[in-house]
Amino acid sequence: MLDLVIKNGKVVDGSGLPSFIADVGVKDGVIVKVGRVNEEAARTVDATGKVVAPGFIDPHTHFDAQLLWDGAAKPAIEHGVTTIVPGNCSLSLAPLKAEHRMKLVGMFNQIEEMPHKAFAEGVEWNWETFDEFVARIGKDLDINVAPLVGHSVLRLWVMGDESMKRTATHDETQAMCALLNQCLEAGAIGLSTSFVDMDERLQPVPSRYANTEELDALCGVLSEHNKILQVVHEFYDTDLTLARIDQLADISLSHGINTTLSPLFVNHDNAEGAQQIMRRVSEHTARGARVWPQVQTRPIDISFNFSVPSLLFIRLPKWYALMRFNTPEQIIAGLQDADTRATLVAEAQGMMPLWNGLILRQVQSEANQTYVGKTLETIAAERGTDALNVMIDISLEEDLEAHFLSADMGHNDDKLVGDLLNHPNVMIGASDGGAHILSFATYGDTGYLLGHFVRDTAYLGLEAAVKKITSDPATLWGLGNRGMLREGFIADVTVFDEATIDRGVEHFVQDVPGDGYRYVRDAHGVETVVIGGAVAYDTVNGYHDAHRGQIIG
């Protein structure tokens with residue numbers, strides 16, 4: 001008897017080949033037949049009229065801490081994702097000595113906007129080495145985890161405070177290489193580094209102090225294990241990105257490894273730059289290099305209030321410093337001070353189109369409820385002021401608990417994005433799941449890809465889009481026998497309705513340790529998710545306690 005049969009579905013097997021109607025039979029966590037399955041099964045899922053695809057793979061997440069209290073990495077599975085890759089942006093929770101824990105928490109707070117309180121109340125620090133961390137998160141795991149090791153924590157382990165001040169010596173570099181080797185042997189699938197991120201003091205993260213010799217040596221270790229290098233590049237500047245692509249191409253050719261950079265955005269302002277970047281990628285591909293830009297499918301909705309520092313203000317030093325380094329009481333006092341307020345208003349005047357378009361999302365007082373859902377430009381007109389000042393006024397009236405929304409940032413042209421997604425070297429990624437939980441709902445890329453760019457605009461075909469989020473990342477990230485519906489492959493399967501799948505609607509959920517909240521997106525159209533041969537989620541029963549997730553290394 002089989003454990004599971006998924007009957008009569010439209011099978012899109014991840015290869016990119018045309019779909020076909022078939023059953024999928026599963027035994028002992030493995031796909032044993034794709035075709036007509038007549039054997040009896042302990043469980044049957046009727047997929048008539050639905051798409052049956054390999055489980056989706058998300059190659060850029062920050063669920064590192066959340067996995068310690070949530071083995072399902074919610075809401076990933078609800079969106080059809082069966083494998084996540086944490087440890088991006090040079091940050092992983094291991095290897096990590098006890099004396100560096102708060103330093104790493106500070107970096108996660110600054111870069112990924114993850115609350116201190118969540119770490120304080122949700123994390124029991126009972127590991128140091130990478131193998132100890134892997135064993136820790138492997139308990140009661142519902143989703144597959146393919147972890148990266150962060151370059152910044154390698155430097156912290158070997159160099160301590162000096163990692164944030166200078167390049168490494170030859171001996172220190174060799175020690176980092178030995179440490180990376182241990183992490184790869186313990187289950188890391190590659191190395192992540194960053195060329196742009198800042199720590200909690202607004203100083204460069206440790207990985208940014210590395211020279212080319214250090215990175216090259218580490219990539220030599222990746223080569224021995226055939227593992228990937230992930231980088232956060234200078235995405236805000238085309239020329240710097242082109243130079244970084246040249247470097248990654250040289251690394252790939254020298255060491256024979258895959259490299260990937262994240263994120264790559266395209267909109268009206270940088271359309272020519274994005275085209276230049278992809279031409280450069282194609283030129284290096286013709287030379288034999290393997291460089292894969294990661295592209296988000298969805299525009300970003302950023303929500304914020306003045307009590308938490310938001311990356312939306314990172315280009316405004318005075319604003320960001322006020323929010324970053326002060327208590328709520330001090331922030332209120334600063335906004336109430338006439339001279340301080342005048343200085344802040346003057347600094348932010350150049351971004352008035354952004355402030356005009358912000359939406360007042362949530363308030364506490366009854367008096368301001370009438371404004372909820374309106375743009376600040378509309379509210380300002382009613383109050384006889386401008387958007388920037390009305391944002392400050394309402395924040396003060398609400399004791400900083402007024403929430404504002406900047407909707408649909410980043411991508412603003414479907415054709416530009418569709419053309420980019422169709423490029424053979426583009427990987428769907430950079431969801432940032434698990435990060436920025438106070439600012440925006442990071443999930444929904446897969447639903448937006450399949451709903452908007454496949455169904456609604458037809459910029460991609462269904463089979464090509466599924467391949468982009470299944471077999472392509474499985475191959476590039478070295479995830480073994482995953483990413484396709486083939487006999488002998490692990491039974492990670494997503495069943496969805498192609499007529500209704502979408503990115504979903506974001507809302508608040510208060511499930512973060514320390515009574516914290518986060519923005520999440522309810523999934524639309526994903527009906528059943530199978531991980532390791534067991535149903536992990538379905539729309540009727542919600543989450544199942546299957547605990548069939550694996551560490552993939």
# chains A, B, ... in the order shown; residues from 1 in each chain; ligands from 1
call {"tool": "closest_atom_pairs", "arguments": {"of": "range 72-120 of chain A", "to": "range 142-162 of chain A", "cutoff": "6 Å", "atoms": "only C-alpha atoms", "output": "JSON lines"}}
result
{"residue": "A:Ala72", "atom": "CA", "partner": "A:Asp142", "partner_atom": "CA", "distance": 4.8}
{"residue": "A:Thr82", "atom": "CA", "partner": "A:Ile143", "partner_atom": "CA", "distance": 5.6}
{"residue": "A:Thr83", "atom": "CA", "partner": "A:Asn144", "partner_atom": "CA", "distance": 4.4}
{"residue": "A:Ile84", "atom": "CA", "partner": "A:Val145", "partner_atom": "CA", "distance": 5.2}
{"residue": "A:Val85", "atom": "CA", "partner": "A:Ala146", "partner_atom": "CA", "distance": 4.9}
{"residue": "A:Pro86", "atom": "CA", "partner": "A:Pro147", "partner_atom": "CA", "distance": 5.1}
{"residue": "A:Gly87", "atom": "CA", "partner": "A:Leu148", "partner_atom": "CA", "distance": 4.6}
{"residue": "A:Ser90", "atom": "CA", "partner": "A:Gly150", "partner_atom": "CA", "distance": 3.9}
{"residue": "A:Leu91", "atom": "CA", "partner": "A:Gly150", "partner_atom": "CA", "distance": 4.4}
{"residue": "A:Ser92", "atom": "CA", "partner": "A:Gly150", "partner_atom": "CA", "distance": 4.9}
call {"tool": "write_last_selection", "arguments": {"atoms": "C-alpha atoms", "output": "PDB file, in the first residue's frame"}}
result
ATOM      1  CA  ALA A  72       7.023  25.552   9.980  1.00  0.00           C
ATOM      2  CA  THR A  82       8.605  23.394   0.957  1.00  0.00           C
ATOM      3  CA  THR A  83      12.279  24.418   1.199  1.00  0.00           C
ATOM      4  CA  ILE A  84      13.750  27.648   2.577  1.00  0.00           C
ATOM      5  CA  VAL A  85      17.306  28.989   2.515  1.00  0.00           C
ATOM      6  CA  PRO A  86      18.179  31.049   5.635  1.00  0.00           C
ATOM      7  CA  GLY A  87      21.580  32.514   6.514  1.00  0.00           C
ATOM      8  CA  SER A  90      26.349  37.466   5.620  1.00  0.00           C
ATOM      9  CA  LEU A  91      24.259  36.657   8.724  1.00  0.00           C
ATOM     10  CA  SER A  92      23.623  33.211  10.205  1.00  0.00           C
TER      11      SER A  92
END
call {"tool": "residues_around", "arguments": {"residues": "Thr259 in chain A", "least_positions_apart": "5", "cutoff": "6 Å", "atoms": "only C-alpha atoms", "output": "MDAnalysis selection string"}}
result
chainID A and resid 228:230 291
call {"tool": "atom_distance", "arguments": {"atom1": "CA of Arg503 in chain A", "atom2": "CA of Ala274 in chain A"}}
result
24.3 Å
call {"tool": "residues_around", "arguments": {"residues": "range 55-66 of chain A", "least_positions_apart": "4", "cutoff": "6 Å", "atoms": "only C-alpha atoms", "output": "ChimeraX atom specification"}}
result
/A:70,80-86,429-435,469-470,492-494
call {"tool": "residues_around", "arguments": {"residues": "Phe404 in chain A", "least_positions_apart": "6", "cutoff": "8 Å", "atoms": "only C-alpha atoms", "output": "PyMOL selection string"}}
result
chain A and resi 303-305+358-362
call {"tool": "select_by_dssp", "arguments": {"residues": "range 97-338 of chain A", "states": "strand (DSSP E)", "output": "ChimeraX atom specification"}}
result
/A:144-145,149-150,190-194,228-232,259-262,291-295,300-304
call {"tool": "write_last_selection", "arguments": {"atoms": "N, CA and C atoms", "output": "compact mmCIF listing (two decimals), in the first residue's frame"}}
result
# COMPACT_ATOMS: atom_id res chain seq x y z
N ASN A 144 11.57 22.03 4.97
CA ASN A 144 12.97 21.74 4.67
C ASN A 144 13.81 23.01 4.79
N VAL A 145 15.00 22.87 5.35
CA VAL A 145 15.89 24.01 5.56
C VAL A 145 17.24 23.70 4.94
N VAL A 149 25.92 29.65 5.56
CA VAL A 149 26.70 30.19 6.67
C VAL A 149 27.10 31.61 6.30
N GLY A 150 27.03 32.52 7.27
CA GLY A 150 27.30 33.92 7.00
C GLY A 150 28.77 34.29 7.14
N GLY A 190 26.33 26.65 1.44
CA GLY A 190 27.13 27.67 0.79
C GLY A 190 27.45 28.79 1.75
N LEU A 191 28.01 29.86 1.19
CA LEU A 191 28.45 31.03 1.96
C LEU A 191 27.68 32.24 1.48
N SER A 192 27.25 33.09 2.43
CA SER A 192 26.64 34.37 2.07
C SER A 192 27.53 35.51 2.55
N THR A 193 27.61 36.55 1.74
CA THR A 193 28.37 37.73 2.14
C THR A 193 27.62 38.97 1.70
N SER A 194 28.03 40.12 2.23
CA SER A 194 27.35 41.38 1.92
C SER A 194 28.37 42.48 1.67
N ILE A 228 27.62 27.00 -3.22
CA ILE A 228 27.29 28.27 -3.86
C ILE A 228 27.76 29.47 -3.03
N LEU A 229 28.03 30.59 -3.70
CA LEU A 229 28.30 31.87 -3.05
C LEU A 229 27.12 32.80 -3.32
N GLN A 230 26.53 33.33 -2.24
CA GLN A 230 25.45 34.31 -2.36
C GLN A 230 25.96 35.65 -1.87
N VAL A 231 25.68 36.74 -2.61
CA VAL A 231 26.13 38.06 -2.19
C VAL A 231 24.98 39.05 -2.25
N VAL A 232 25.03 40.02 -1.33
CA VAL A 232 24.19 41.22 -1.45
C VAL A 232 25.08 42.27 -2.07
N THR A 259 27.37 31.34 -8.48
CA THR A 259 27.29 32.55 -7.67
C THR A 259 25.94 33.20 -7.93
N THR A 260 25.43 33.88 -6.92
CA THR A 260 24.13 34.56 -7.06
C THR A 260 24.16 35.88 -6.31
N LEU A 261 23.52 36.89 -6.88
CA LEU A 261 23.48 38.21 -6.25
C LEU A 261 22.03 38.65 -6.07
N SER A 262 21.78 39.37 -4.99
CA SER A 262 20.41 39.70 -4.61
C SER A 262 20.39 41.05 -3.88
N VAL A 291 26.62 33.15 -13.01
CA VAL A 291 26.20 34.28 -12.17
C VAL A 291 24.69 34.43 -12.32
N TRP A 292 23.98 34.36 -11.19
CA TRP A 292 22.52 34.33 -11.21
C TRP A 292 21.93 35.47 -10.38
N PRO A 293 21.41 36.52 -11.01
CA PRO A 293 20.70 37.56 -10.26
C PRO A 293 19.38 37.01 -9.72
N GLN A 294 19.02 37.45 -8.51
CA GLN A 294 17.73 37.09 -7.92
C GLN A 294 16.77 38.28 -8.03
N VAL A 295 15.56 37.99 -8.47
CA VAL A 295 14.56 39.03 -8.71
C VAL A 295 13.30 38.72 -7.91
N ILE A 300 6.83 45.89 -3.27
CA ILE A 300 6.94 45.84 -1.81
C ILE A 300 6.02 46.87 -1.18
N ASP A 301 5.29 46.42 -0.16
CA ASP A 301 4.49 47.33 0.66
C ASP A 301 5.20 47.50 1.99
N ILE A 302 5.68 48.71 2.29
CA ILE A 302 6.38 48.97 3.54
C ILE A 302 5.47 49.71 4.50
N SER A 303 5.28 49.15 5.67
CA SER A 303 4.48 49.77 6.72
C SER A 303 5.41 50.14 7.88
N PHE A 304 5.15 51.25 8.53
CA PHE A 304 6.04 51.69 9.60
C PHE A 304 5.31 52.63 10.54
call {"tool": "select_by_dssp", "arguments": {"residues": "range 162-377 of chain A", "states": "alpha helix (DSSP H)", "output": "PyMOL selection string"}}
result
chain A and resi 170-186+212-225+238-255+271-287+317-324+328-336+338-348+352-357+376-377
call {"tool": "write_last_selection", "arguments": {"atoms": "C-alpha atoms", "output": "mmCIF file, in the first residue's frame"}}
result
data_model
loop_
_atom_site.group_PDB
_atom_site.id
_atom_site.type_symbol
_atom_site.label_atom_id
_atom_site.label_comp_id
_atom_site.auth_asym_id
_atom_site.auth_seq_id
_atom_site.Cartn_x
_atom_site.Cartn_y
_atom_site.Cartn_z
ATOM 1 C CA HIS A 170 46.945 35.161 6.245
ATOM 2 C CA ASP A 171 46.600 33.018 9.364
ATOM 3 C CA GLU A 172 43.162 34.453 10.140
ATOM 4 C CA THR A 173 42.025 33.796 6.590
ATOM 5 C CA GLN A 174 43.188 30.206 6.846
ATOM 6 C CA ALA A 175 41.338 29.839 10.144
ATOM 7 C CA MET A 176 38.176 31.129 8.462
ATOM 8 C CA CYS A 177 38.647 28.632 5.644
ATOM 9 C CA ALA A 178 38.966 25.786 8.143
ATOM 10 C CA LEU A 179 35.846 27.018 9.953
ATOM 11 C CA LEU A 180 33.894 27.276 6.692
ATOM 12 C CA ASN A 181 34.940 23.726 5.850
ATOM 13 C CA GLN A 182 33.506 22.541 9.183
ATOM 14 C CA CYS A 183 30.227 24.358 8.494
ATOM 15 C CA LEU A 184 29.884 22.858 5.026
ATOM 16 C CA GLU A 185 30.539 19.396 6.395
ATOM 17 C CA ALA A 186 27.874 20.044 9.068
ATOM 18 C CA THR A 212 39.581 40.008 -2.371
ATOM 19 C CA GLU A 213 42.212 37.541 -1.157
ATOM 20 C CA GLU A 214 40.031 36.513 1.785
ATOM 21 C CA LEU A 215 36.921 36.033 -0.347
ATOM 22 C CA ASP A 216 38.904 34.118 -2.954
ATOM 23 C CA ALA A 217 40.295 31.773 -0.302
ATOM 24 C CA LEU A 218 36.828 31.099 1.075
ATOM 25 C CA CYS A 219 35.541 30.407 -2.424
ATOM 26 C CA GLY A 220 38.322 27.876 -2.783
ATOM 27 C CA VAL A 221 36.727 25.981 0.101
ATOM 28 C CA LEU A 222 33.313 26.273 -1.557
ATOM 29 C CA SER A 223 34.843 24.776 -4.678
ATOM 30 C CA GLU A 224 36.066 21.708 -2.781
ATOM 31 C CA HIS A 225 32.463 21.026 -1.728
ATOM 32 C CA THR A 238 24.377 50.118 -11.873
ATOM 33 C CA ASP A 239 28.102 50.692 -12.324
ATOM 34 C CA LEU A 240 28.958 49.102 -8.976
ATOM 35 C CA THR A 241 26.673 46.182 -9.778
ATOM 36 C CA LEU A 242 28.406 45.653 -13.120
ATOM 37 C CA ALA A 243 31.782 45.601 -11.377
ATOM 38 C CA ARG A 244 30.461 43.119 -8.818
ATOM 39 C CA ILE A 245 29.147 40.865 -11.589
ATOM 40 C CA ASP A 246 32.596 40.925 -13.176
ATOM 41 C CA GLN A 247 34.096 39.827 -9.858
ATOM 42 C CA LEU A 248 31.550 37.053 -9.383
ATOM 43 C CA ALA A 249 32.147 35.814 -12.918
ATOM 44 C CA ASP A 250 35.888 35.626 -12.257
ATOM 45 C CA ILE A 251 35.221 33.753 -8.997
ATOM 46 C CA SER A 252 32.881 31.345 -10.760
ATOM 47 C CA LEU A 253 35.383 30.639 -13.536
ATOM 48 C CA SER A 254 38.323 30.349 -11.161
ATOM 49 C CA HIS A 255 36.616 28.017 -8.705
ATOM 50 C CA ALA A 271 15.289 50.161 -16.836
ATOM 51 C CA GLU A 272 18.405 50.787 -18.914
ATOM 52 C CA GLY A 273 20.630 49.870 -15.979
ATOM 53 C CA ALA A 274 18.837 46.543 -15.521
ATOM 54 C CA GLN A 275 19.279 45.798 -19.213
ATOM 55 C CA GLN A 276 22.995 46.594 -18.951
ATOM 56 C CA ILE A 277 23.283 44.245 -15.990
ATOM 57 C CA MET A 278 21.602 41.369 -17.809
ATOM 58 C CA ARG A 279 23.724 41.932 -20.926
ATOM 59 C CA ARG A 280 26.822 41.691 -18.747
ATOM 60 C CA VAL A 281 25.507 38.504 -17.135
ATOM 61 C CA SER A 282 24.902 37.002 -20.587
ATOM 62 C CA GLU A 283 28.403 37.925 -21.713
ATOM 63 C CA HIS A 284 29.913 36.129 -18.737
ATOM 64 C CA THR A 285 27.610 33.143 -19.219
ATOM 65 C CA ALA A 286 28.982 32.821 -22.752
ATOM 66 C CA ARG A 287 32.460 32.604 -21.171
ATOM 67 C CA PRO A 317 20.559 60.494 8.500
ATOM 68 C CA LYS A 318 18.899 62.853 10.988
ATOM 69 C CA TRP A 319 15.568 61.043 10.828
ATOM 70 C CA TYR A 320 17.159 57.627 11.065
ATOM 71 C CA ALA A 321 19.403 58.628 13.968
ATOM 72 C CA LEU A 322 16.393 60.013 15.878
ATOM 73 C CA MET A 323 14.507 56.714 15.510
ATOM 74 C CA ARG A 324 17.488 54.408 15.855
ATOM 75 C CA PRO A 328 9.921 56.636 22.183
ATOM 76 C CA GLU A 329 9.786 59.385 24.787
ATOM 77 C CA GLN A 330 12.915 61.000 23.344
ATOM 78 C CA ILE A 331 11.553 60.686 19.803
ATOM 79 C CA ILE A 332 8.355 62.466 20.841
ATOM 80 C CA ALA A 333 10.372 65.201 22.545
ATOM 81 C CA GLY A 334 12.476 65.649 19.411
ATOM 82 C CA LEU A 335 9.436 65.939 17.144
ATOM 83 C CA GLN A 336 7.871 68.445 19.532
ATOM 84 C CA ALA A 338 10.509 73.360 16.956
ATOM 85 C CA ASP A 339 14.155 73.532 15.872
ATOM 86 C CA THR A 340 14.563 69.741 15.628
ATOM 87 C CA ARG A 341 11.335 69.429 13.691
ATOM 88 C CA ALA A 342 12.360 72.161 11.259
ATOM 89 C CA THR A 343 15.654 70.382 10.628
ATOM 90 C CA LEU A 344 13.884 67.059 10.013
ATOM 91 C CA VAL A 345 11.333 68.623 7.664
ATOM 92 C CA ALA A 346 14.073 70.340 5.671
ATOM 93 C CA GLU A 347 16.014 67.072 5.329
ATOM 94 C CA ALA A 348 12.963 65.157 4.054
ATOM 95 C CA MET A 352 7.804 64.745 -0.878
ATOM 96 C CA PRO A 353 6.341 62.523 -3.648
ATOM 97 C CA LEU A 354 6.892 59.550 -1.319
ATOM 98 C CA TRP A 355 5.233 61.232 1.670
ATOM 99 C CA ASN A 356 2.288 62.387 -0.470
ATOM 100 C CA GLY A 357 1.542 58.815 -1.513
ATOM 101 C CA LEU A 376 -1.266 61.781 3.502
ATOM 102 C CA GLU A 377 -1.697 64.205 0.604
#
call {"tool": "closest_residue", "arguments": {"among": "A:Gly29, A:Gly71, A:Pro18, A:Pro204", "to": "Ile111 in chain A", "atoms": "only C-alpha atoms"}}
result
A:Pro204
call {"tool": "atom_distance", "arguments": {"atom1": "CA of Tyr371 in chain A", "atom2": "CA of Gln349 in chain A"}}
result
22.6 Å
call {"tool": "residues_around", "arguments": {"residues": "Trp125 in chain A", "least_positions_apart": "5", "cutoff": "10 Å", "atoms": "only C-alpha atoms", "output": "compact mmCIF listing (two decimals) with N, CA and C atoms, in the first residue's frame"}}
result
# COMPACT_ATOMS: atom_id res chain seq x y z
N LEU A 68 13.55 28.63 15.58
CA LEU A 68 13.76 28.17 16.95
C LEU A 68 12.46 28.09 17.73
N LEU A 93 23.03 32.28 12.35
CA LEU A 93 23.10 32.19 13.81
C LEU A 93 24.21 31.26 14.29
N LEU A 96 28.81 30.77 16.26
CA LEU A 96 28.69 32.00 17.04
C LEU A 96 29.10 31.74 18.49
N ALA A 98 29.53 32.74 22.46
CA ALA A 98 28.58 33.36 23.38
C ALA A 98 28.79 34.87 23.48
N ARG A 101 26.87 37.04 20.76
CA ARG A 101 25.44 36.87 20.50
C ARG A 101 24.72 38.20 20.36
N PHE A 119 14.26 37.88 20.13
CA PHE A 119 15.45 37.09 20.47
C PHE A 119 15.50 36.82 21.97
N ALA A 120 15.19 37.86 22.76
CA ALA A 120 15.30 37.72 24.21
C ALA A 120 14.34 36.67 24.77
N PHE A 133 23.97 24.08 15.94
CA PHE A 133 22.80 24.87 15.52
C PHE A 133 21.90 24.04 14.61
N ARG A 136 19.92 21.78 16.60
CA ARG A 136 18.91 22.51 17.37
C ARG A 136 17.67 22.81 16.52
